[in-house]
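**Q** Contents of model_30.txt (compact mmCIF, C-alpha atoms) are below:
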```txt
# COMPACT_ATOMS: atom_id res chain seq x y z
CA MET A 5 15.44 -21.35 5.42
CA LEU A 6 16.96 -20.43 2.04
CA THR A 7 16.53 -17.14 0.23
CA SER A 8 16.16 -19.14 -2.98
CA ASP A 9 12.89 -20.53 -1.57
CA TYR A 10 11.39 -17.12 -2.34
CA ASP A 11 12.40 -16.88 -5.98
CA PHE A 12 10.14 -16.66 -9.02
CA THR A 13 10.55 -15.55 -12.62
CA LEU A 14 9.25 -12.07 -13.38
CA PRO A 15 9.18 -10.88 -17.02
CA PRO A 16 10.65 -7.35 -17.08
CA GLU A 17 7.74 -6.01 -19.11
CA LEU A 18 5.42 -6.58 -16.13
CA ILE A 19 7.27 -3.96 -14.05
CA ALA A 20 4.94 -0.95 -14.19
CA GLN A 21 6.68 2.17 -15.51
CA HIS A 22 3.71 4.51 -15.06
CA PRO A 23 0.66 4.59 -12.80
CA PRO A 24 -2.74 3.76 -14.28
CA ALA A 25 -4.28 6.65 -16.21
CA THR A 26 -6.80 7.17 -13.38
CA ARG A 27 -6.00 6.62 -9.71
CA GLY A 28 -8.13 3.88 -8.18
CA THR A 29 -8.54 1.70 -11.28
CA SER A 30 -5.83 -0.90 -10.62
CA ARG A 31 -6.47 -4.62 -10.66
CA MET A 32 -6.64 -6.40 -7.31
CA MET A 33 -5.88 -10.06 -6.75
CA VAL A 34 -7.64 -11.46 -3.68
CA LEU A 35 -5.83 -14.30 -1.91
CA ARG A 36 -7.63 -16.33 0.74
CA ARG A 37 -4.85 -17.50 3.00
CA ASP A 38 -6.75 -20.40 4.53
CA THR A 39 -7.25 -22.18 1.19
CA GLY A 40 -4.96 -20.39 -1.30
CA ARG A 41 -7.97 -19.57 -3.47
CA VAL A 42 -7.41 -16.59 -5.78
CA GLU A 43 -9.96 -14.15 -7.21
CA HIS A 44 -9.38 -11.44 -9.81
CA ARG A 45 -11.03 -8.13 -9.05
CA LEU A 46 -10.40 -4.35 -9.05
CA ILE A 47 -9.32 -2.18 -6.12
CA SER A 48 -12.75 -0.54 -6.29
CA ASP A 49 -14.21 -3.94 -5.27
CA ILE A 50 -12.45 -3.94 -1.91
CA THR A 51 -15.72 -3.06 -0.16
CA ASP A 52 -16.95 -6.56 -1.07
CA TYR A 53 -14.27 -8.06 1.17
CA LEU A 54 -14.31 -5.73 4.17
CA GLU A 55 -16.91 -5.74 6.92
CA PRO A 56 -18.35 -3.09 9.24
CA ASN A 57 -15.99 -2.67 12.23
CA ASP A 58 -12.93 -3.49 10.11
CA LEU A 59 -10.19 -0.90 10.45
CA LEU A 60 -7.86 0.27 7.68
CA VAL A 61 -4.45 1.27 9.03
CA LEU A 62 -2.55 3.47 6.58
CA ASN A 63 0.92 5.00 6.58
CA ASP A 64 0.62 8.80 6.26
CA THR A 65 4.29 9.46 5.53
CA ARG A 66 4.92 12.00 2.78
CA VAL A 67 7.59 11.40 0.14
CA LEU A 68 10.12 14.21 -0.05
CA PRO A 69 11.33 15.36 -3.49
CA ALA A 70 14.63 13.99 -2.24
CA ARG A 71 16.69 14.07 -5.45
CA LEU A 72 18.51 17.42 -5.48
CA LYS A 73 20.67 18.50 -8.44
CA GLY A 74 23.13 21.39 -8.22
CA VAL A 75 26.70 22.52 -8.86
CA TRP A 76 29.84 22.71 -6.74
CA GLU A 77 30.60 26.28 -5.70
CA ASP A 78 34.32 26.03 -6.51
CA THR A 79 34.21 24.35 -9.94
CA ASN A 80 30.60 24.68 -11.14
CA GLY A 81 30.71 20.94 -11.81
CA GLY A 82 27.49 18.97 -11.48
CA VAL A 83 26.47 17.18 -8.28
CA GLU A 84 23.40 15.28 -7.18
CA PHE A 85 22.28 14.51 -3.62
CA LEU A 86 19.74 11.88 -2.61
CA LEU A 87 18.34 12.55 0.85
CA ILE A 88 18.17 9.49 3.06
CA GLU A 89 17.24 10.65 6.55
CA LYS A 90 17.09 13.84 8.59
CA MET A 91 19.42 13.54 11.55
CA GLU A 92 17.81 15.84 14.14
CA GLY A 93 14.33 14.37 14.11
CA ALA A 94 11.56 13.44 11.76
CA ARG A 95 9.98 16.67 10.51
CA PRO A 96 11.81 18.87 7.97
CA ARG A 97 10.94 22.44 8.95
CA ALA A 98 13.96 24.58 9.80
CA PRO A 99 16.08 26.74 7.43
CA GLN A 100 19.16 24.65 8.38
CA GLU A 101 19.28 20.89 8.85
CA THR A 102 21.73 18.01 8.70
CA TRP A 103 20.84 15.00 6.59
CA LEU A 104 22.32 11.64 5.76
CA ALA A 105 22.55 11.58 1.97
CA LEU A 106 24.09 9.91 -1.05
CA CYS A 107 26.23 12.11 -3.28
CA GLY A 108 26.94 11.60 -6.97
CA SER A 109 29.54 13.67 -8.77
CA GLY A 110 32.30 13.57 -11.35
CA ARG A 111 34.76 14.29 -8.56
CA LYS A 112 35.30 12.49 -5.28
CA PRO A 113 33.17 14.27 -2.66
CA HIS A 114 34.88 15.10 0.63
CA PRO A 115 34.14 17.13 3.77
CA GLY A 116 34.25 20.88 3.23
CA LEU A 117 32.84 20.90 -0.30
CA ARG A 118 29.85 23.20 -0.81
CA ALA A 119 27.20 23.06 -3.49
CA LYS A 120 24.47 25.39 -4.71
CA ILE A 121 21.05 23.95 -5.58
CA GLY A 122 18.83 26.50 -7.28
CA GLY A 123 19.02 30.09 -6.13
CA ASN A 124 18.63 29.76 -2.38
CA LEU A 125 19.50 26.21 -1.29
CA PHE A 126 23.05 25.30 -0.29
CA ALA A 127 24.67 22.06 0.82
CA GLU A 128 27.96 21.41 2.64
CA ILE A 129 29.50 17.98 3.13
CA LEU A 130 30.41 17.49 6.80
CA GLU A 131 31.44 13.84 7.00
CA ARG A 132 31.90 10.77 4.83
CA HIS A 133 30.77 7.49 6.35
CA GLU A 134 32.28 4.08 5.62
CA SER A 135 28.95 3.06 4.09
CA GLY A 136 29.56 5.58 1.30
CA GLN A 137 26.90 7.90 2.64
CA PHE A 138 27.57 11.51 3.64
CA LEU A 139 26.51 13.79 6.43
CA VAL A 140 25.37 16.96 4.67
CA ARG A 141 24.21 20.30 6.07
CA PHE A 142 21.53 22.04 4.01
CA GLU A 143 20.77 25.73 4.39
CA SER A 144 18.20 28.06 2.86
CA ASP A 145 16.55 31.42 3.53
CA GLU A 146 13.19 29.63 3.70
CA PRO A 147 11.98 26.45 5.45
CA LEU A 148 13.84 23.51 3.96
CA GLU A 149 10.63 21.61 3.29
CA THR A 150 9.67 24.50 0.97
CA ALA A 151 13.14 24.60 -0.62
CA PHE A 152 13.15 20.84 -1.21
CA GLU A 153 9.70 21.03 -2.82
CA LYS A 154 10.88 23.87 -5.05
CA HIS A 155 14.21 22.39 -6.19
CA GLY A 156 13.89 18.63 -5.70
CA GLU A 157 12.60 15.76 -7.80
CA MET A 158 10.69 12.66 -6.74
CA PRO A 159 13.17 9.84 -5.90
CA LEU A 160 11.61 7.18 -8.08
CA PRO A 161 12.75 3.57 -7.56
CA PRO A 162 15.61 2.41 -9.80
CA TYR A 163 13.35 0.01 -11.72
CA ILE A 164 11.20 2.92 -12.99
CA LYS A 165 13.09 4.25 -15.99
CA ARG A 166 12.70 7.92 -16.89
CA PRO A 167 14.81 9.81 -19.47
CA GLU A 168 13.44 12.99 -17.86
CA PRO A 169 11.29 13.62 -14.76
CA CYS A 170 7.56 13.22 -15.43
CA ALA A 171 5.09 15.76 -14.10
CA GLU A 172 2.73 12.92 -13.16
CA ASP A 173 5.16 11.55 -10.57
CA ALA A 174 4.87 14.58 -8.27
CA ALA A 175 1.21 13.70 -7.64
CA ARG A 176 0.98 10.00 -8.41
CA TYR A 177 4.02 8.84 -6.39
CA GLN A 178 2.25 10.18 -3.30
CA THR A 179 -0.81 8.94 -1.42
CA ILE A 180 -3.76 11.34 -1.24
CA TYR A 181 -3.49 11.28 2.58
CA ALA A 182 0.28 11.89 2.84
CA ARG A 183 0.97 14.51 5.53
CA GLU A 184 4.14 13.71 7.50
CA PRO A 185 7.21 14.55 5.35
CA GLY A 186 10.23 12.31 5.67
CA ALA A 187 10.06 9.33 3.28
CA VAL A 188 12.28 8.77 0.25
CA ALA A 189 10.02 6.04 -1.13
CA ALA A 190 6.25 5.82 -1.23
CA PRO A 191 4.13 3.39 0.80
CA THR A 192 2.84 2.12 -2.51
CA ALA A 193 -0.20 0.07 -1.44
CA GLY A 194 -1.78 3.37 -0.44
CA LEU A 195 -1.44 4.83 -3.94
CA HIS A 196 -4.63 3.02 -5.00
CA PHE A 197 -7.00 4.91 -2.70
CA THR A 198 -9.20 7.82 -3.78
CA ASP A 199 -11.55 10.09 -1.85
CA GLU A 200 -14.49 8.34 -3.52
CA LEU A 201 -13.27 4.91 -2.39
CA PHE A 202 -12.71 6.17 1.16
CA SER A 203 -16.23 7.58 1.16
CA ARG A 204 -17.71 4.23 0.10
CA LEU A 205 -15.69 2.39 2.72
CA GLN A 206 -16.84 4.77 5.42
CA SER A 207 -20.47 4.32 4.36
CA HIS A 208 -19.85 0.58 4.61
CA GLY A 209 -18.75 0.98 8.25
CA VAL A 210 -15.00 0.57 7.66
CA GLN A 211 -12.96 2.95 9.81
CA ARG A 212 -9.51 4.47 9.20
CA ALA A 213 -6.46 5.05 11.40
CA PHE A 214 -2.96 6.22 10.60
CA VAL A 215 0.60 5.39 11.55
CA THR A 216 3.77 7.03 10.26
CA LEU A 217 6.81 5.15 9.04
CA HIS A 218 9.34 7.06 6.94
CA VAL A 219 10.27 4.64 4.17
CA GLY A 220 14.01 4.64 3.43
CA ILE A 221 16.11 3.48 0.49
CA GLY A 222 16.80 0.26 2.38
CA THR A 223 13.39 -0.94 1.20
CA PHE A 224 15.05 -1.61 -2.20
CA ARG A 225 18.06 -3.43 -0.73
CA PRO A 226 18.15 -7.04 -1.96
CA VAL A 227 18.64 -10.05 0.26
CA THR A 228 22.13 -11.32 -0.56
CA ALA A 229 22.49 -13.83 2.28
CA GLU A 230 22.03 -17.47 1.30
CA ARG A 231 20.05 -18.12 4.48
CA VAL A 232 17.10 -15.86 5.25
CA GLU A 233 18.04 -15.73 8.93
CA ASP A 234 21.43 -14.18 8.10
CA HIS A 235 19.96 -11.05 6.50
CA THR A 236 20.18 -7.78 8.46
CA MET A 237 17.24 -5.42 8.09
CA HIS A 238 17.53 -1.65 7.69
CA ASP A 239 15.82 0.41 10.36
CA GLU A 240 13.19 3.11 9.82
CA TRP A 241 11.60 5.75 12.08
CA TYR A 242 7.95 5.26 13.03
CA ASN A 243 5.28 6.85 15.18
CA VAL A 244 1.99 5.51 16.52
CA SER A 245 -0.50 7.96 18.03
CA PRO A 246 -2.70 7.28 21.07
CA ALA A 247 -5.73 7.74 18.78
CA THR A 248 -4.55 4.88 16.55
CA VAL A 249 -3.93 2.63 19.56
CA ALA A 250 -7.49 3.35 20.71
CA SER A 251 -8.89 2.63 17.23
CA VAL A 252 -7.07 -0.72 17.01
CA ALA A 253 -8.30 -1.70 20.49
CA ALA A 254 -11.87 -0.73 19.58
CA CYS A 255 -11.65 -2.74 16.35
CA HIS A 256 -10.50 -5.84 18.20
CA LYS A 257 -13.21 -5.39 20.85
CA ALA A 258 -15.90 -5.12 18.16
CA GLY A 259 -14.66 -8.27 16.44
CA GLY A 260 -13.33 -6.46 13.40
CA ARG A 261 -10.10 -6.98 11.48
CA VAL A 262 -7.15 -4.62 11.38
CA VAL A 263 -6.40 -4.30 7.66
CA ALA A 264 -2.82 -3.10 7.21
CA VAL A 265 -2.37 -1.09 4.02
CA GLY A 266 1.14 -1.92 2.86
CA SER A 267 4.21 -3.54 4.36
CA THR A 268 5.17 -0.34 6.21
CA SER A 269 1.92 -0.37 8.14
CA VAL A 270 2.53 -4.04 8.93
CA ARG A 271 6.06 -3.26 10.17
CA THR A 272 4.77 -0.49 12.41
CA LEU A 273 1.89 -2.50 13.86
CA GLU A 274 4.18 -5.43 14.59
CA SER A 275 7.00 -3.26 16.01
CA ALA A 276 5.19 -0.85 18.35
CA VAL A 277 4.15 -3.45 20.91
CA ASP A 278 4.69 -4.16 24.58
CA GLU A 279 5.83 -7.45 26.09
CA ASN A 280 2.30 -8.85 25.65
CA GLY A 281 2.12 -7.95 21.98
CA GLU A 282 -0.31 -5.08 22.59
CA LEU A 283 0.03 -2.01 20.38
CA ILE A 284 1.45 1.01 22.24
CA ALA A 285 1.73 4.69 21.35
CA GLY A 286 5.08 6.36 20.75
CA SER A 287 7.99 6.73 18.37
CA GLY A 288 10.89 4.43 17.69
CA ARG A 289 12.94 2.72 15.03
CA SER A 290 11.79 -0.51 13.47
CA ASP A 291 14.29 -3.11 12.26
CA ILE A 292 11.87 -6.01 12.51
CA PHE A 293 12.39 -8.75 9.93
CA ILE A 294 9.15 -10.63 9.36
CA TYR A 295 9.43 -14.04 7.73
CA PRO A 296 7.84 -17.46 8.36
CA PRO A 297 6.87 -18.51 10.94
CA HIS A 298 6.02 -15.05 12.36
CA ALA A 299 3.02 -14.84 14.70
CA PHE A 300 1.10 -11.69 13.75
CA ARG A 301 -0.29 -9.83 16.73
CA ASN A 302 -2.14 -6.83 15.35
CA VAL A 303 -2.86 -7.58 11.68
CA GLY A 304 -5.92 -9.42 10.37
CA ALA A 305 -5.66 -8.69 6.63
CA ILE A 306 -3.16 -6.97 4.32
CA LEU A 307 -3.46 -4.92 1.15
CA THR A 308 -0.10 -4.91 -0.64
CA ASN A 309 1.48 -4.45 -4.04
CA PHE A 310 3.42 -7.22 -5.81
CA HIS A 311 7.03 -7.47 -4.64
CA PHE A 312 10.52 -8.43 -5.81
CA PRO A 313 11.63 -12.05 -5.99
CA ARG A 314 13.80 -13.01 -3.00
CA SER A 315 12.84 -9.81 -1.14
CA THR A 316 12.11 -9.19 2.53
CA LEU A 317 8.66 -7.92 1.52
CA LEU A 318 7.85 -11.19 -0.25
CA MET A 319 9.00 -13.03 2.88
CA MET A 320 6.76 -10.84 5.04
CA MET A 321 3.71 -11.64 2.92
CA SER A 322 4.66 -15.33 2.92
CA ALA A 323 4.63 -15.24 6.71
CA PHE A 324 1.04 -13.98 6.56
CA ALA A 325 -0.36 -16.00 3.65
CA GLY A 326 1.89 -19.08 3.68
CA ARG A 327 4.81 -19.43 1.28
CA GLU A 328 3.18 -22.01 -0.97
CA HIS A 329 -0.08 -20.07 -1.28
CA LEU A 330 1.72 -16.80 -1.94
CA LEU A 331 4.12 -18.12 -4.56
CA ALA A 332 1.30 -19.94 -6.35
CA ALA A 333 -0.61 -16.64 -6.42
CA TYR A 334 2.45 -14.85 -7.81
CA HIS A 335 2.82 -17.41 -10.58
CA GLU A 336 -0.82 -16.79 -11.47
CA ALA A 337 -0.25 -13.02 -11.35
CA VAL A 338 2.52 -13.44 -13.93
CA ARG A 339 0.27 -15.61 -16.13
CA GLU A 340 -2.54 -13.06 -15.86
CA ARG A 341 -0.18 -10.17 -16.65
CA TYR A 342 -0.63 -8.21 -13.44
CA ARG A 343 1.54 -5.09 -13.15
CA PHE A 344 4.29 -5.31 -10.53
CA TYR A 345 5.99 -3.01 -8.00
CA SER A 346 5.35 0.61 -7.03
CA TYR A 347 3.03 1.69 -9.85
CA GLY A 348 1.58 -1.77 -10.27
CA ASP A 349 -1.54 -3.64 -9.20
CA CYS A 350 -2.32 -4.88 -5.69
CA MET A 351 -3.16 -7.98 -3.70
CA LEU A 352 -5.63 -8.27 -0.83
CA ILE A 353 -4.70 -11.11 1.54
CA ILE A 354 -7.60 -12.11 3.78
```
Show the structure stored in the file as structure tokens.
**A**
Amino acid sequence: MLTSDYDFTLPPELIAQHPPATRGTSRMMVLRRDTGRVEHRLISDITDYLEPNDLLVLNDTRVLPARLKGVWEDTNGGVEFLLIEKMEGARPRAPQETWLALCGSGRKPHPGLRAKIGGNLFAEILERHESGQFLVRFESDEPLETAFEKHGEMPLPPYIKRPEPCAEDAARYQTIYAREPGAVAAPTAGLHFTDELFSRLQSHGVQRAFVTLHVGIGTFRPVTAERVEDHTMHDEWYNVSPATVASVAACHKAGGRVVAVGSTSVRTLESAVDENGELIAGSGRSDIFIYPPHAFRNVGAILTNFHFPRSTLLMMMSAFAGREHLLAAYHEAVRERYRFYSYGDCMLII
């Protein structure tokens, strides 16, 4: 299978640079995977397509303000760190932690260099990895989660261009249900939901459950291999609670559909399984690469944003909807001027 089989032409002006003025007003394309039929609706219309006993599974990861700007202690020269992953676990709480990070500077960073970020946050480079990433120890006189919130900026994707940080990003590049800090990119399909929409869904009999998958920068890594099968996926930490396992089982028993909100929820639901494909509780690391012909075990519908050409996310959705149906829908999305990527519109595949 060739990576070029998942290509399409995307006009740059369709890449959304800002969220809609009001959360919950995005357009929603509905794709029926059995026929390829497409309908043009709004995210607020999702209740028309979900049934009582359906279960929304959402990723409750919280995006860290992972872009940290400071100065070297010895020269006062500028330095910027981009947090990638906490090394001692998944929850940033302590006043001292070691992180895997990227480091940008006018000098060549090396172990032993220390930087000051704001008044009470300090960083020391411990190791340089062959990948170009660094092991960095951060210290503060307050919990690091608090220090990061105080001194950090949202790590927006590289295709969102900002001359200066926007105040809107602190709130809008975060789902309203985000609670488990650790991601450096948002699970963007969840950005469309509001309390009012959740209330209507609940009144309609649609339940909710949560998984956690801390989205890493690897989500933006392009597929460079000529053959799809030769691509190596990045891995990401996930957790599935016993309560979510029970909710999924109850949904299946009642004849409902598990509706995965976003590719990260799909990855988690398809990774945290036993030898029979049954969802199990626990934590782990997912490096699953989903592409046709993948047999989905725990997902009955997907809400997702529009993805990059030739990307693993496009391949995942092709595995669910069928490549021909999905690419035809994407061509129509371009014709109809849908907004693409993180701050863009969404697609419901049923």
**Q** Report as a list in words all protein, DNA and RNA residues lying within 6 Å of segment 63-76 of chain A, evaluated on only C-alpha atoms, omitting residues in the same chain fewer than 6 positions from it.
**A** Gly82, Val83, Glu84, Phe85, Leu86, Leu87, Arg118, Ala119, Lys120, Ile121, Glu153, Gly156, Glu157, Met158, Pro159, Ala182, Arg183, Glu184, Pro185, Ala187, Val188, Ala190, Phe214, Val215, Thr216, His218 and Ser269 of chain A
**Q** Between A:Gly116, A:Pro99, A:Tyr181, A:Leu283, which is the closest to Glu143 of chain A once you count all atoms listed in the file?
**A**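 Of all the options, A:Pro99 lies closest to Glu143 of chain A.
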**Q** Counting all atoms listed in the file, which residue out of A:Asn243, A:Thr179, A:Ser287, A:Thr228 sits closest to His196 of chain A?
**A** A:Thr179
**Q** Between atom CA of Asp278 of chain A and atom CA of Leu59 of chain A, what is the spacing in Å?
**A** 20.8 Å
**Q** Between atom CA of Val252 of chain A and atom CA of Ile50 of chain A, what is the spacing in Å?
**A**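 Atom-to-atom, atom CA of Ile50 of chain A to atom CA of Val252 of chain A, that is 19.9 Å.
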**Q** May I ask for the distance between atom CA of Glu340 of chain A and atom CA of Leu317 of chain A, given in Å to one decimal place?
**A**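 Distance reported for this atom pair: 21.3 Å.
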**Q** Which residues come within 9 Å of Met237 of chain A, counting all atoms listed in the file, excluding same-chain residues fewer than 4 positions away, as a list in words?
**A**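 Once the adjacent positions are removed, what remains is Gly222, Asp291, Ile292, Phe293 and Thr316 of chain A.
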**Q** Per residue of segment 208-288 of chain A within 12 Å of segment 321-337 of chain A, record the nearest atom pair and its distance in Å to one decimal, counting only C-alpha atoms, with rows in chain order and ascending residue number, as CSV.
**A**
```
residue,atom,partner,partner_atom,distance
A:Ala264,CA,A:Phe324,CA,11.6
A:Gly266,CA,A:Met321,CA,10.1
A:Ser267,CA,A:Met321,CA,8.2
A:Thr268,CA,A:Met321,CA,11.9
A:Val270,CA,A:Met321,CA,9.8
A:Arg271,CA,A:Met321,CA,11.3
```
**Q** Select all residues near (-0.2, -4.8, -3.1) (cut-off 6 Å, inclusive, file coordinates), counting all atoms listed in the file, and output them as a count of residues only.
**A** 7
**Q** List every protein, DNA or RNA residue that has an atom no more than 8 Å from (-1.7, 5.5, 17.4) in the file's coordinate frame, counting all atoms listed in the file, and report them as a CSV table (one decimal) with C-alpha atoms, in the coordinates of the input.
**A**
```
chain,number,residue,atom,x,y,z
A,213,ALA,CA,-6.5,5.0,11.4
A,214,PHE,CA,-3.0,6.2,10.6
A,215,VAL,CA,0.6,5.4,11.6
A,243,ASN,CA,5.3,6.8,15.2
A,244,VAL,CA,2.0,5.5,16.5
A,245,SER,CA,-0.5,8.0,18.0
A,246,PRO,CA,-2.7,7.3,21.1
A,247,ALA,CA,-5.7,7.7,18.8
A,248,THR,CA,-4.6,4.9,16.6
A,249,VAL,CA,-3.9,2.6,19.6
A,250,ALA,CA,-7.5,3.4,20.7
A,251,SER,CA,-8.9,2.6,17.2
A,284,ILE,CA,1.4,1.0,22.2
A,285,ALA,CA,1.7,4.7,21.4
A,286,GLY,CA,5.1,6.4,20.8
```
**Q** Considering only C-alpha atoms, state which residue in the set A:Ala305, A:Ala229, A:Leu217, A:Ala20 is at the smallest distance from Lys165 of chain A.
**A**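 Of A:Ala305, A:Ala229, A:Leu217, A:Ala20, the one nearest Lys165 of chain A is A:Ala20, counting only C-alpha atoms.
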**Q** When distances are computed from only C-alpha atoms, which of A:Leu117, A:Ile19, A:Ile129, A:Ile294 shows the smallest separation from Gly81 of chain A?
**A**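 Result for the nearest residue to Gly81 of chain A: A:Leu117.
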**Q** Show me, as a ChimeraX atom specification, the residues that have an atom within 10 Å of segment 22-31 of chain A when counting only C-alpha atoms, minus same-chain residues fewer than 2 positions from it.
**A** /A:19-20,33-34,44-49,164-166,170,172-173,176-177,180,195-201,342-343,346-351
**Q** Name the residues in contact with Met5 of chain A at a cut-off of 9 Å, using all atoms listed in the file, excluding same-chain residues fewer than 5 positions from it; report them as a PDB file with C-alpha atoms, keeping the file's coordinate frame.
**A**
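So the final result, stored in around.pdb, reads:
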```pdb
ATOM      1  CA  GLU A 230      22.030 -17.470   1.300  1.00  0.00           C
ATOM      2  CA  ARG A 231      20.050 -18.120   4.480  1.00  0.00           C
ATOM      3  CA  VAL A 232      17.100 -15.860   5.250  1.00  0.00           C
ATOM      4  CA  GLU A 233      18.040 -15.730   8.930  1.00  0.00           C
TER       5      GLU A 233
END
```
**Q** Near Arg261 of chain A, within 9 Å and counting all atoms listed in the file, which residues show up once chain neighbours fewer than 5 positions away are dropped, as a tab-separated table (two decimals) with C-alpha atoms, keeping the file's coordinate frame?
**A**
```tsv
chain	number	residue	atom	x	y	z
A	54	LEU	CA	-14.31	-5.73	4.17
A	55	GLU	CA	-16.91	-5.74	6.92
A	57	ASN	CA	-15.99	-2.67	12.23
A	58	ASP	CA	-12.93	-3.49	10.11
A	59	LEU	CA	-10.19	-0.90	10.45
A	60	LEU	CA	-7.86	0.27	7.68
A	252	VAL	CA	-7.07	-0.72	17.01
A	255	CYS	CA	-11.65	-2.74	16.35
A	256	HIS	CA	-10.50	-5.84	18.20
A	302	ASN	CA	-2.14	-6.83	15.35
A	303	VAL	CA	-2.86	-7.58	11.68
A	304	GLY	CA	-5.92	-9.42	10.37
A	305	ALA	CA	-5.66	-8.69	6.63
```
**Q** When you count only C-alpha atoms, which of these residues is closest to Ala151 of chain A: A:Pro191, A:Arg212, A:Glu101, A:Pro167?
**A**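 Looking only at the distances to Ala151 of chain A, the closest residue turns out to be A:Glu101.
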